[in-house]
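Asker: I'd like to ask some things about the structure below.
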Amino acid sequence: MGYRSRQWFYYLLFSLVGLAFVIRLLSIQVLDDRYKSLSKDNFLKRVVQFPPRGLIYDRNGELLVYNDAIYDLMVVPRQVRNLDTASLCRLLKISPEDFNSKMERCMQNPYRSSVFEKQLSARTHARLQEYLFDFPGFFVEIRTDRRYKTKSAAHVLGSIGEVNDQIIANSNGYYRQGEYTGISGIERSYEELLRGSKGVKNVIVDVRNRTVGSYFDGQYDTAAQAGQSIYTTLDAKLQAYGEALMQGKVGSVVAIEPGTGEILALISSPSYDPNLLIGRERGNNFMDLMRDPQKPMFNRPLNAPYPPGSIFKAISSLIGQQEGVLRPETRYPCGGGYRVGGHTVKCSHGHPSPLDLRGALMHSCNPYFCYVFRSIVDQRKFSTFELSYKNWYKHLQTFGIGTKLGIDLYGEAKGILKTEDYYNRIYGKGAWKGSTIISLAIGQGELGVTPLQMANVMAIIANRGYYITPHVLKYVDSIGNPGPRFEKHFCSVESRYFPVVIEGMADVVKMGTARVAQIDSVEVCGKTGTAQNPHGKDHSIFFAFAPKENPKIAIAVVVENSGYGSQWAAPIASLMIEKYLFPDRETKRKYLEERMLNADLINALNHEQVSH
Amino acid sequence: MNRYRTKESFETGGLDWISLFLFLAMVTFGWMAIYSVTFNPEYPGILDMSQSYGRQLMFIGVSLLLGTALLIIDAKFYSAFAYGFYALAIILCLSVIFIGSETKGAKSWFALGGFKFQPVELAKYATALALAKYLSTYDVNFRELKVKLIAFGMIALPMGLVLLQNDTGSALVFMAFFLVLYREGLPTWIVAMAFYLVVLFVLSLYLEQKEVLIYTLALIAVIAAFLVRKSWKMIGLVFVALLVSIAIVISVDFVFNEILQPHQRARIDVLFGKGGDDYNVRQSKIAIGSGGLFGQGFMNGTQTRYDYVPEQSTDFIYCTVGEEYGFVGTAGVVLFFVLLMIRLVMLAERQKNRFSRVYAYSVACILFIHFTINIGMTIGLMPVIGIPLPFFSYGGSSLLGFTLLLFTLLKLDANRVNEIQSLHD
């Protein structure tokens with residue numbers, strides 16, 4: 001007898017184990033695709049090639065914003081092996097707790113690279129470079145960061161910052177965590193032109209994260225497309241000069257080239273040095289600026305609505321003429337005040353009476369414009385007062401008041417202009433009329449106009465009836481790309497009604513309230529405004545354009561809580577006009593320039609408030 | 001068959017070309033895989049002794065010389081020196097514990113000049129010869145308990161010494177000899193029980209809730225008791241079996257926690273997906289898995305070429321096959337091994353004496369254990385146990401060891417016509 005038949009047990013055993021292996025192999029090699037991509041995750045590193053961001057120049061080709069290289073330490077957590085945490089912490093000068101929290105953040109995406117430490121200093125980078133071999137999973141990514149050649153125009157130029165989750169979600173997969181995008185100013189509105197497009201280089205890395213070759217000879221690589229450079233409409237010299245003049249004052253300046261709608265200067269004061277919002281200290285500086293009680297981050301020219309004051313009289317004059325209720329020779333009496341019910345709108349100017357339109361504009365006669373206002377909003381041709389008000393409202397809108405102008409910068413406010421519904425709610429339907437809202441006649445009351453809108457109104461008057469959407473992009477530096485077109489808008493008043501208003505405004509500077517704004521050899525048209533406000537001193541406001549014929553610049557200046565329009569706003573506007581029209585001319589009004597440059601109204605105001 | 005041979009029948013039965021072909025094919029394929037993973041462009045020569053591929057080529061040359069020598073030596077030599085080899089192997093295994101050099105926690109190497117030698121390779125060979133010699137001794141009857149115990153002892157001694165060298169993987173290889181004993185008459189119930197215990201052990205480790213296993217066993221016992229309800233003796237046996245099983249299930253944790261070493265526990269945890277650092281197995285599976293049906297081609301395996309897989313030229317060489325030759329390559333290797341093992345059993349069965357048969361079975365079963373553990377490990381069916389894949393893995397000791405095992409068998413087989421039929425088979 002024997003156990004010869006037991007050989008079959010062995011055949012069976014060997015075959016079954018072999019079969020089990022083959023089935024397992026079939027499942028992981030052929031049926032399961034997962035391992036192929038896992039293998040790619042291992043060896044294939046997609047090195048993002050960041051294109052240089054487009055540069056920003058002023059209208060004369062002066063470089064304002066450029067790039068500098070920065071180094072981010074990246075990590076792929078799954079590739080980290082045998083990490084000597086202590087020595088890495090020493091190299092980066094971070095605490096172990098810091099290390100842990102950073103690592104934890106990166107672990108959310110263990111197979112992808114995340115930013116471990118942002119913007120290493122050149123020193124740290126150089127030192128780290130030597131030891132990077134000891135830290136598999138870590139590598140340095142070179143990006144560029146912004147640098148500003150100028151300390152001015154922070155609000156126009158804007159800044160770049162890290163993308164947030166919302167931006168990532170809305171970007172169709174363009175942005176990844178840790179990347180940068182424009183978050184304000186031109187950087188934001190022209191992000192897509194400036195950023196160019198990222199490229200990807202596929203490289204093969206070994207287990208120690210050393211690059212050992214390119215993947216398929218770079219067949220799947222894409223080259224980065226450099227961002228396009230942008231020429232802004234800003235005049236860097238004018239901007240800087242204006243900011244210097246506005247130093248120590250709270251307020252705004254907007255200067256527009258009337259014929260093109262190009263913004264020559266856009267000043268918000270107090271401002272900040274744009275170089276504060278770059279690099280590693282960006283976050284801290286940002287918080288400091290946000291906490292600053294002077295609100296340097298607040299973009300006043302686009303956002304702050306002011307009662308326009310007397311300047312509004314120019315608009316009323318135009319609408320009145322268009323409506324046929326006012327003619328240049330129309331005269332109204334001024335008894336030093338305009339009485340409505342128990343309320344009197346005073347006139348402070350002490351002038352001959354009765355005045356015609358041009359004279360009333362020059363003397364800024366309050367009662368005259370109360371009559372004008374009432375003649376417009378109390379017209380008999382409308383069946384109700386409400387309809388009449390609505391008509392007036394529409395006129396104003398065509399002047400860009402109470403609407404967004406559509407400037408190519410984010411955060412534009414539409415100002416304050418109330419609809420009839422608002423008054424219906426307050427006074428009841430049919431229970432209000434011209435006399436109820438008489439404050440509007442002199443640019444007070446429920447009216448708020450942003451400095452941008454003010455400058456735009458000046459551009460309309462300078463253009464005799466139209467404006468082009470104000471903008472900061474002059475052209476894009478690439479062949480075949482004309483850049484965006486900006487629309488021409490006509491206001492509701494025909495151009496034939498403008499000359500008398502312009503003459504009146506010329507008189508204001510020649511012999512009226514704004515004689516301080518006269519410039520040698522140029523005829524300036526302007527209008528002062530002294531807007532009352534419940535919080536402290538009046539706002540000093542001045543609008544102007546020059547020269548009278550073929551205007552080159554329209555400007556609005558607001559200096560908050562500083563007094564009469566002629567006191568601060570008019571000199572500043574005038575100096576800026578002169579600077580723009582005659583960039584190489586030394587001003588003869590040195591004393592005025594000095595006074596403006598050196599006046600520190602902010603601290604004076606604070607002092608005043610403390611002493612109260 | 002004629003038991004009284006004439007002089008003319010003293011001739012060679014011929015070399016088994018099938019086994020020889022499979023051996024050469026696998027050695028060649030193995031060398032290509034080693035070349036592919038360790039290729040260093042600075043040393044492109046395939047004979048460059050500073051590189052793994054150069055040295056492996058030399059080892060292959062040496063093993064072919066050794067194989068030829070083994071075929072030339074008189075077949076009686078192996079049987080005559082079986083015990084001598086065994087004694088030598090035991091002495092070496094013992095002394096390596098004290099004077100050997102340590103690699104990766106195992107003290108199992110002798111460093112001789114520039115080369116290293118692992119006595120366990122000799123021990124496998126010597127144990128196979130000695131066991132064959134003992135069982136073929138004419139007055140030894142495996143049915144006797146004493147013989148069984150001596151045979152077990154002959155296997156357990158080198159196995160224990162290898163365990164003491166802290167080379168658990170190689171020690172497991174000695175399990176192959178218990179498998180051989182089944183052919184020689186080890187009762188089926190012992191083998192069945194061994195399988196049952198292994199399954200029970202694995203299940204106990206695998207299942208989170210051991211109660212479920214215990215209840216299941218109890219249920220099976222009740223059913224079994226019902227089936228044999230006529231015999232009180234059988235019912236008692238079922239009851240005892242149940243108690244023993246439950247005791248084993250409960251004691252598994254103790255064995256796992258107290259007897260196994262931490263790295264072994266970790267590897268078992270990884271196998272069952274219970275956490276732990278699965279880097280090795282993960283990378284190994286990724287390498288094999290990414291090969292797809294036809295693989296990425298010679299020298300194109302990124303996982304293995306760029307060192308993602310650990311020990312890729314030795315214990316994990318199968319990954320390179322998987323990555324570069326795909327399912328076609330891996331299934332081909334499995335097929336080659338199964339064919340070779342089956343062929344060796346067929347050779348064993350055509351031997352006329354017990355010595356050759358036991359020896360042939362030993363070779364087949366040793367290959368089987370290596371094959372199962374090594375490939376099972378790379379595809380995540382076995383815990384990570386560091387033993388080489390025969391003929392493929394880089395290393396002189398291992399290649400020469402398997403050459404020794406296989407060519408001795410080829411010689412015995414070629415010489416079978418000259419042997420006298422064993423009395424008890």
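By order in the structure tokens, chains are A, B, ...; within a chain, residues start at 1; ligands start at 1, following the order shown.
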As a ChimeraX atom specification, list the residues of stretch 12-137 of chain B assigned to helix (DSSP H, G or I) by DSSP on the backbone atoms of this structure.
Answerer: /B:17-38,52-72,76-80,82-99,119-136
Asker: Would you write out, as CSV, a table of all residues in chain A that have an atom no more than 9 Å from an atom of chain B, listing for each the closest atom pair and the distance in Å to one decimal, considering only C-alpha atoms and ordering rows by chain and rising residue number?
Answerer:
residue,atom,partner,partner_atom,distance
A:Met1,CA,B:Asp425,CA,7.5
A:Gly2,CA,B:Asp425,CA,5.6
A:Tyr3,CA,B:Arg183,CA,6.2
A:Arg4,CA,B:Arg183,CA,7.5
A:Ser5,CA,B:Arg183,CA,8.8
A:Arg6,CA,B:Arg183,CA,5.9
A:Gln7,CA,B:Arg183,CA,6.9
A:Phe9,CA,B:Arg183,CA,8.9
A:Tyr10,CA,B:Val345,CA,7.6
A:Tyr11,CA,B:Ile342,CA,5.9
A:Phe14,CA,B:Val338,CA,6.0
A:Ser15,CA,B:Val338,CA,6.3
A:Val17,CA,B:Thr372,CA,7.2
A:Gly18,CA,B:Val334,CA,6.0
A:Leu19,CA,B:Val334,CA,8.5
A:Phe21,CA,B:Gly376,CA,7.2
A:Val22,CA,B:Ala331,CA,5.7
A:Arg24,CA,B:Ile379,CA,7.5
A:Leu25,CA,B:Phe327,CA,6.6
A:Leu26,CA,B:Phe327,CA,6.6
A:Ser27,CA,B:Gly289,CA,8.5
A:Ile28,CA,B:Gly289,CA,5.0
A:Gln29,CA,B:Gly289,CA,4.2
A:Val30,CA,B:Gly292,CA,5.1
A:Leu31,CA,B:Gly292,CA,8.4
A:Asp32,CA,B:Gly289,CA,7.5
A:Asp33,CA,B:Ser290,CA,7.6
A:Arg34,CA,B:Gly289,CA,7.9
A:Tyr35,CA,B:Ile286,CA,4.9
A:Lys36,CA,B:Ser290,CA,4.2
A:Ser37,CA,B:Ser290,CA,7.8
A:Leu38,CA,B:Ile286,CA,6.5
A:Ser39,CA,B:Ile286,CA,5.8
A:Lys40,CA,B:Thr302,CA,8.7
A:Asn42,CA,B:Gln303,CA,7.7
A:Phe43,CA,B:Thr302,CA,6.7
A:Ile204,CA,B:Thr302,CA,8.3
A:Val205,CA,B:Tyr306,CA,7.3
A:Asp206,CA,B:Tyr306,CA,4.4
A:Val207,CA,B:Tyr308,CA,5.1
A:Arg208,CA,B:Asp307,CA,8.3
A:Val212,CA,B:Tyr306,CA,8.2
Asker: Can I get the selection written as a PDB file, in the first residue's frame, with C-alpha atoms?
Answerer:
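See result.pdb below for the written result:
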ATOM      1  CA  MET A   1       0.000   0.000   0.000  1.00  0.00           C
ATOM      2  CA  GLY A   2       1.125   3.573  -0.328  1.00  0.00           C
ATOM      3  CA  TYR A   3       0.118   7.149  -0.367  1.00  0.00           C
ATOM      4  CA  ARG A   4       0.755   7.667  -4.052  1.00  0.00           C
ATOM      5  CA  SER A   5      -2.656   9.249  -4.593  1.00  0.00           C
ATOM      6  CA  ARG A   6      -1.732  11.954  -2.134  1.00  0.00           C
ATOM      7  CA  GLN A   7       0.315  13.581  -4.900  1.00  0.00           C
ATOM      8  CA  PHE A   9      -3.257  16.989  -2.875  1.00  0.00           C
ATOM      9  CA  TYR A  10      -0.037  18.771  -3.848  1.00  0.00           C
ATOM     10  CA  TYR A  11      -1.120  19.447  -7.413  1.00  0.00           C
ATOM     11  CA  PHE A  14      -0.126  24.484  -5.776  1.00  0.00           C
ATOM     12  CA  SER A  15      -2.754  25.173  -8.414  1.00  0.00           C
ATOM     13  CA  VAL A  17      -2.647  29.098  -4.524  1.00  0.00           C
ATOM     14  CA  GLY A  18      -1.531  29.976  -8.057  1.00  0.00           C
ATOM     15  CA  LEU A  19      -5.133  30.552  -9.076  1.00  0.00           C
ATOM     16  CA  PHE A  21      -2.768  34.853  -6.976  1.00  0.00           C
ATOM     17  CA  VAL A  22      -3.842  35.166 -10.582  1.00  0.00           C
ATOM     18  CA  ARG A  24      -5.861  38.833  -7.160  1.00  0.00           C
ATOM     19  CA  LEU A  25      -3.443  40.056  -9.818  1.00  0.00           C
ATOM     20  CA  LEU A  26      -6.243  40.335 -12.334  1.00  0.00           C
ATOM     21  CA  SER A  27      -8.216  42.457  -9.932  1.00  0.00           C
ATOM     22  CA  ILE A  28      -5.444  44.883  -8.983  1.00  0.00           C
ATOM     23  CA  GLN A  29      -3.738  45.072 -12.366  1.00  0.00           C
ATOM     24  CA  VAL A  30      -6.501  44.879 -14.890  1.00  0.00           C
ATOM     25  CA  LEU A  31      -9.826  45.565 -13.212  1.00  0.00           C
ATOM     26  CA  ASP A  32      -8.773  48.284 -10.778  1.00  0.00           C
ATOM     27  CA  ASP A  33      -7.615  51.525 -12.388  1.00  0.00           C
ATOM     28  CA  ARG A  34      -6.927  53.185  -9.056  1.00  0.00           C
ATOM     29  CA  TYR A  35      -3.319  52.070  -8.873  1.00  0.00           C
ATOM     30  CA  LYS A  36      -2.349  53.809 -12.075  1.00  0.00           C
ATOM     31  CA  SER A  37      -3.340  57.189 -10.715  1.00  0.00           C
ATOM     32  CA  LEU A  38      -1.834  56.380  -7.336  1.00  0.00           C
ATOM     33  CA  SER A  39       1.391  55.635  -9.105  1.00  0.00           C
ATOM     34  CA  LYS A  40       1.179  58.969 -10.901  1.00  0.00           C
ATOM     35  CA  ASN A  42       3.825  59.233  -6.505  1.00  0.00           C
ATOM     36  CA  PHE A  43       6.177  59.975  -9.297  1.00  0.00           C
ATOM     37  CA  ILE A 204       9.205  62.694 -12.536  1.00  0.00           C
ATOM     38  CA  VAL A 205      10.472  62.622  -8.990  1.00  0.00           C
ATOM     39  CA  ASP A 206      11.981  59.727  -7.102  1.00  0.00           C
ATOM     40  CA  VAL A 207      11.100  58.667  -3.587  1.00  0.00           C
ATOM     41  CA  ARG A 208      13.446  61.292  -2.180  1.00  0.00           C
ATOM     42  CA  VAL A 212      14.848  62.655 -12.215  1.00  0.00           C
TER      43      VAL A 212
END
Asker: Pull the strand (DSSP E) assignments for stretch 61-168 of chain B out of DSSP run on the backbone, and list those residues as number ranges by chain.
Answerer: B: 101-103, 106-112, 115-117
Asker: Show me, as a PyMOL selection string, the residues that have an atom within 10 Å of B:Phe152 when counting only C-alpha atoms, minus same-chain residues fewer than 6 positions from it.
Answerer: chain B and resi 131+146+177-178+181
Asker: Just the residues within 12 Å of stretch 126-138 of chain A, please, counting only C-alpha atoms, with nothing from its chain fewer than 3 positions along; format it as a PyMOL selection string.
Answerer: chain A and resi 42-43+45+70-93+103+106+110-117+120-123+141+205-211
Asker: Store the residues of this selection in a file with N, CA and C atoms, as a CSV table (one decimal), in the first residue's frame.
Answerer:
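Once written, result-v4.csv looks like this:
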chain,number,residue,atom,x,y,z
A,42,ASN,N,2.5,59.4,-7.1
A,42,ASN,CA,3.8,59.2,-6.5
A,42,ASN,C,4.9,59.9,-7.3
A,43,PHE,N,5.0,59.6,-8.6
A,43,PHE,CA,6.2,60.0,-9.3
A,43,PHE,C,6.0,61.3,-10.1
A,45,LYS,N,5.1,64.9,-10.5
A,45,LYS,CA,4.9,66.2,-9.8
A,45,LYS,C,4.5,67.2,-10.8
A,70,ILE,N,9.7,85.6,-5.1
A,70,ILE,CA,9.5,85.2,-3.7
A,70,ILE,C,9.5,83.7,-3.7
A,71,TYR,N,9.8,83.1,-2.5
A,71,TYR,CA,10.0,81.7,-2.4
A,71,TYR,C,9.0,81.1,-1.4
A,72,ASP,N,8.2,80.2,-1.8
A,72,ASP,CA,7.3,79.5,-0.9
A,72,ASP,C,7.7,78.1,-0.6
A,73,LEU,N,7.7,77.7,0.7
A,73,LEU,CA,8.1,76.3,1.0
A,73,LEU,C,6.8,75.5,0.9
A,74,MET,N,6.9,74.5,0.0
A,74,MET,CA,5.7,73.7,-0.2
A,74,MET,C,5.9,72.3,0.4
A,75,VAL,N,4.8,71.6,0.7
A,75,VAL,CA,5.0,70.2,1.2
A,75,VAL,C,3.9,69.3,0.6
A,76,VAL,N,4.3,68.1,0.3
A,76,VAL,CA,3.3,67.0,0.0
A,76,VAL,C,3.4,66.1,1.2
A,77,PRO,N,2.4,66.2,2.1
A,77,PRO,CA,2.5,65.5,3.3
A,77,PRO,C,2.7,64.0,3.2
A,78,ARG,N,2.2,63.4,2.2
A,78,ARG,CA,2.3,61.9,2.1
A,78,ARG,C,3.7,61.5,1.7
A,79,GLN,N,4.5,62.5,1.1
A,79,GLN,CA,5.8,62.1,0.8
A,79,GLN,C,6.8,62.4,1.9
A,80,VAL,N,6.3,63.0,2.9
A,80,VAL,CA,7.3,63.3,4.0
A,80,VAL,C,7.7,62.0,4.7
A,81,ARG,N,9.0,61.8,4.8
A,81,ARG,CA,9.4,60.6,5.5
A,81,ARG,C,10.6,60.9,6.4
A,82,ASN,N,10.7,60.3,7.5
A,82,ASN,CA,11.8,60.4,8.4
A,82,ASN,C,12.2,61.9,8.7
A,83,LEU,N,11.1,62.6,9.0
A,83,LEU,CA,11.3,64.1,9.1
A,83,LEU,C,12.0,64.4,10.4
A,84,ASP,N,13.0,65.2,10.3
A,84,ASP,CA,13.7,65.7,11.5
A,84,ASP,C,13.0,67.1,11.8
A,85,THR,N,11.9,67.0,12.6
A,85,THR,CA,11.1,68.2,12.8
A,85,THR,C,11.9,69.3,13.4
A,86,ALA,N,12.7,68.9,14.4
A,86,ALA,CA,13.5,69.9,15.2
A,86,ALA,C,14.4,70.8,14.3
A,87,SER,N,15.1,70.1,13.4
A,87,SER,CA,16.0,70.8,12.6
A,87,SER,C,15.3,71.7,11.5
A,88,LEU,N,14.1,71.2,11.0
A,88,LEU,CA,13.4,72.0,10.1
A,88,LEU,C,12.8,73.3,10.8
A,89,CYS,N,12.4,73.1,12.0
A,89,CYS,CA,11.9,74.2,12.8
A,89,CYS,C,13.0,75.2,13.0
A,90,ARG,N,14.2,74.7,13.3
A,90,ARG,CA,15.3,75.6,13.5
A,90,ARG,C,15.6,76.4,12.2
A,91,LEU,N,15.6,75.7,11.1
A,91,LEU,CA,15.9,76.4,9.8
A,91,LEU,C,14.9,77.5,9.5
A,92,LEU,N,13.6,77.1,9.8
A,92,LEU,CA,12.6,78.1,9.4
A,92,LEU,C,12.3,79.1,10.5
A,93,LYS,N,12.9,78.8,11.7
A,93,LYS,CA,12.7,79.7,12.9
A,93,LYS,C,11.2,79.7,13.2
A,103,MET,N,1.4,71.8,9.6
A,103,MET,CA,1.3,70.5,9.0
A,103,MET,C,-0.1,70.0,9.0
A,106,CYS,N,-1.9,71.4,6.1
A,106,CYS,CA,-1.5,70.8,4.8
A,106,CYS,C,-2.0,69.3,4.7
A,110,PRO,N,-3.4,65.4,1.6
A,110,PRO,CA,-2.1,64.7,1.9
A,110,PRO,C,-1.3,64.4,0.6
A,111,TYR,N,-2.0,64.2,-0.5
A,111,TYR,CA,-1.2,63.8,-1.7
A,111,TYR,C,-0.9,65.0,-2.6
A,112,ARG,N,-1.4,66.2,-2.3
A,112,ARG,CA,-1.1,67.4,-3.1
A,112,ARG,C,-0.2,68.3,-2.4
A,113,SER,N,0.5,69.1,-3.2
A,113,SER,CA,1.4,70.1,-2.5
A,113,SER,C,0.6,71.3,-2.0
A,114,SER,N,0.9,71.7,-0.8
A,114,SER,CA,0.3,72.8,-0.2
A,114,SER,C,1.4,73.7,0.3
A,115,VAL,N,1.1,75.0,0.5
A,115,VAL,CA,2.0,75.9,1.0
A,115,VAL,C,2.3,75.7,2.5
A,116,PHE,N,3.5,75.4,2.8
A,116,PHE,CA,3.8,75.1,4.2
A,116,PHE,C,4.2,76.4,4.9
A,117,GLU,N,5.1,77.1,4.3
A,117,GLU,CA,5.5,78.4,4.8
A,117,GLU,C,5.6,79.4,3.7
A,120,LEU,N,9.4,82.8,2.1
A,120,LEU,CA,10.6,82.7,2.8
A,120,LEU,C,11.5,84.0,2.5
A,121,SER,N,12.2,84.4,3.5
A,121,SER,CA,13.1,85.5,3.2
A,121,SER,C,14.3,84.9,2.4
A,122,ALA,N,14.9,85.8,1.6
A,122,ALA,CA,16.0,85.3,0.8
A,122,ALA,C,17.0,84.6,1.6
A,123,ARG,N,17.3,85.0,2.8
A,123,ARG,CA,18.3,84.4,3.7
A,123,ARG,C,17.8,83.0,4.1
A,141,GLU,N,8.8,76.6,-4.1
A,141,GLU,CA,8.2,77.0,-5.3
A,141,GLU,C,8.5,78.5,-5.4
A,205,VAL,N,9.6,62.5,-10.2
A,205,VAL,CA,10.5,62.6,-9.0
A,205,VAL,C,10.6,61.2,-8.4
A,206,ASP,N,11.8,61.0,-7.8
A,206,ASP,CA,12.0,59.7,-7.1
A,206,ASP,C,11.5,59.8,-5.7
A,207,VAL,N,11.7,58.7,-4.9
A,207,VAL,CA,11.1,58.7,-3.6
A,207,VAL,C,11.7,59.7,-2.7
A,208,ARG,N,12.9,60.2,-3.0
A,208,ARG,CA,13.4,61.3,-2.2
A,208,ARG,C,13.1,62.7,-2.7
A,209,ASN,N,12.1,62.7,-3.6
A,209,ASN,CA,11.6,63.9,-4.2
A,209,ASN,C,12.6,64.7,-5.0
A,210,ARG,N,13.5,63.9,-5.6
A,210,ARG,CA,14.4,64.6,-6.5
A,210,ARG,C,13.9,64.4,-7.9
A,211,THR,N,14.0,65.5,-8.6
A,211,THR,CA,13.6,65.4,-10.0
A,211,THR,C,14.5,64.6,-10.8
Asker: Applying 10 Å and only C-alpha atoms, which residues near B:Leu405 remain after dropping the ones on its own chain fewer than 2 positions away? List them as a list in words.
Answerer: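 So, after excluding close chain neighbours, the residues are Gly67, Leu70, Glu121, Leu122, Lys124, Tyr125, Ala126, Ala128, Leu129, Tyr359, Ala360, Ser362, Val363, Ala364, Ile366, Leu367, Leu399, Leu400, Gly401, Phe402, Thr403, Phe407, Thr408, Leu409 and Leu410 of chain B.
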Asker: Grab the residues selected above and save them as a PDB file, in the first residue's frame with C-alpha atoms.
Answerer:
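Contents of selection.pdb, freshly written:
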ATOM      1  CA  GLY B  67      24.701  23.077 -11.178  1.00  0.00           C
ATOM      2  CA  LEU B  70      26.192  18.762  -8.998  1.00  0.00           C
ATOM      3  CA  GLU B 121      20.237  28.181   2.807  1.00  0.00           C
ATOM      4  CA  LEU B 122      22.481  25.232   3.613  1.00  0.00           C
ATOM      5  CA  LYS B 124      17.197  23.921   4.104  1.00  0.00           C
ATOM      6  CA  TYR B 125      19.234  21.730   1.771  1.00  0.00           C
ATOM      7  CA  ALA B 126      20.756  19.618   4.521  1.00  0.00           C
ATOM      8  CA  ALA B 128      15.874  17.951   3.006  1.00  0.00           C
ATOM      9  CA  LEU B 129      18.709  15.448   2.482  1.00  0.00           C
ATOM     10  CA  TYR B 359      13.979  14.950  -1.271  1.00  0.00           C
ATOM     11  CA  ALA B 360      12.040  15.953  -4.397  1.00  0.00           C
ATOM     12  CA  SER B 362      11.042  18.775  -0.035  1.00  0.00           C
ATOM     13  CA  VAL B 363      12.308  20.897  -2.915  1.00  0.00           C
ATOM     14  CA  ALA B 364       8.799  21.384  -4.305  1.00  0.00           C
ATOM     15  CA  ILE B 366      10.264  24.752  -0.097  1.00  0.00           C
ATOM     16  CA  LEU B 367       9.626  26.489  -3.409  1.00  0.00           C
ATOM     17  CA  LEU B 399      20.321  31.820  -5.866  1.00  0.00           C
ATOM     18  CA  LEU B 400      23.039  29.325  -5.011  1.00  0.00           C
ATOM     19  CA  GLY B 401      20.800  27.758  -2.357  1.00  0.00           C
ATOM     20  CA  PHE B 402      18.000  27.147  -4.832  1.00  0.00           C
ATOM     21  CA  THR B 403      20.460  25.919  -7.455  1.00  0.00           C
ATOM     22  CA  PHE B 407      20.223  20.519  -9.405  1.00  0.00           C
ATOM     23  CA  THR B 408      20.673  17.876  -6.734  1.00  0.00           C
ATOM     24  CA  LEU B 409      17.140  16.825  -7.520  1.00  0.00           C
ATOM     25  CA  LEU B 410      17.864  16.847 -11.262  1.00  0.00           C
TER      26      LEU B 410
END
Asker: Set out as a tab-separated table a contact list for stretch 391-416 of chain B and stretch 311-320 of chain B with a cut-off of 8 Å, giving each residue of stretch 391-416 of chain B that qualifies its closest atom pair and distance in Å to one decimal, counting only C-alpha atoms, ordered by chain and rising residue number.
Answerer:
residue	atom	partner	partner_atom	distance
B:Phe392	CA	B:Ile317	CA	6.8
B:Ser393	CA	B:Thr314	CA	4.4
B:Tyr394	CA	B:Thr314	CA	4.8
B:Gly395	CA	B:Thr314	CA	7.1
Asker: Output N, CA and C atoms for every residue in the selection just made, as a compact mmCIF listing (two decimals), in the first residue's frame.
Answerer:
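Listed below is the output, selection_8.txt:
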# COMPACT_ATOMS: atom_id res chain seq x y z
N PHE B 392 14.47 34.82 -8.66
CA PHE B 392 14.27 36.21 -9.08
C PHE B 392 15.04 37.18 -8.21
N SER B 393 14.88 37.02 -6.90
CA SER B 393 15.45 38.02 -6.01
C SER B 393 16.96 38.11 -6.16
N TYR B 394 17.46 39.33 -5.99
CA TYR B 394 18.89 39.55 -6.02
C TYR B 394 19.52 38.88 -4.81
N GLY B 395 20.66 38.27 -5.00
CA GLY B 395 21.39 37.71 -3.87
C GLY B 395 22.03 36.39 -4.20
Asker: Could you state the separation of atom CA of A:Tyr466 and atom CA of A:Ala544 in Å, given to one decimal place?
Answerer: 16.0 Å
Asker: Work out how far atom CA of A:Lys151 is from atom CA of A:Asn275, in Å to one decimal.
Answerer: 7.1 Å
Asker: Mind checking which residues fall within 7 Å of stretch 42-55 of chain B, counting only C-alpha atoms, ignoring those fewer than 6 positions away in the same chain, and posting them as a list in words?
Answerer: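 Contacts, in chain order: Trp31, Ile34 and Tyr35 of chain B.
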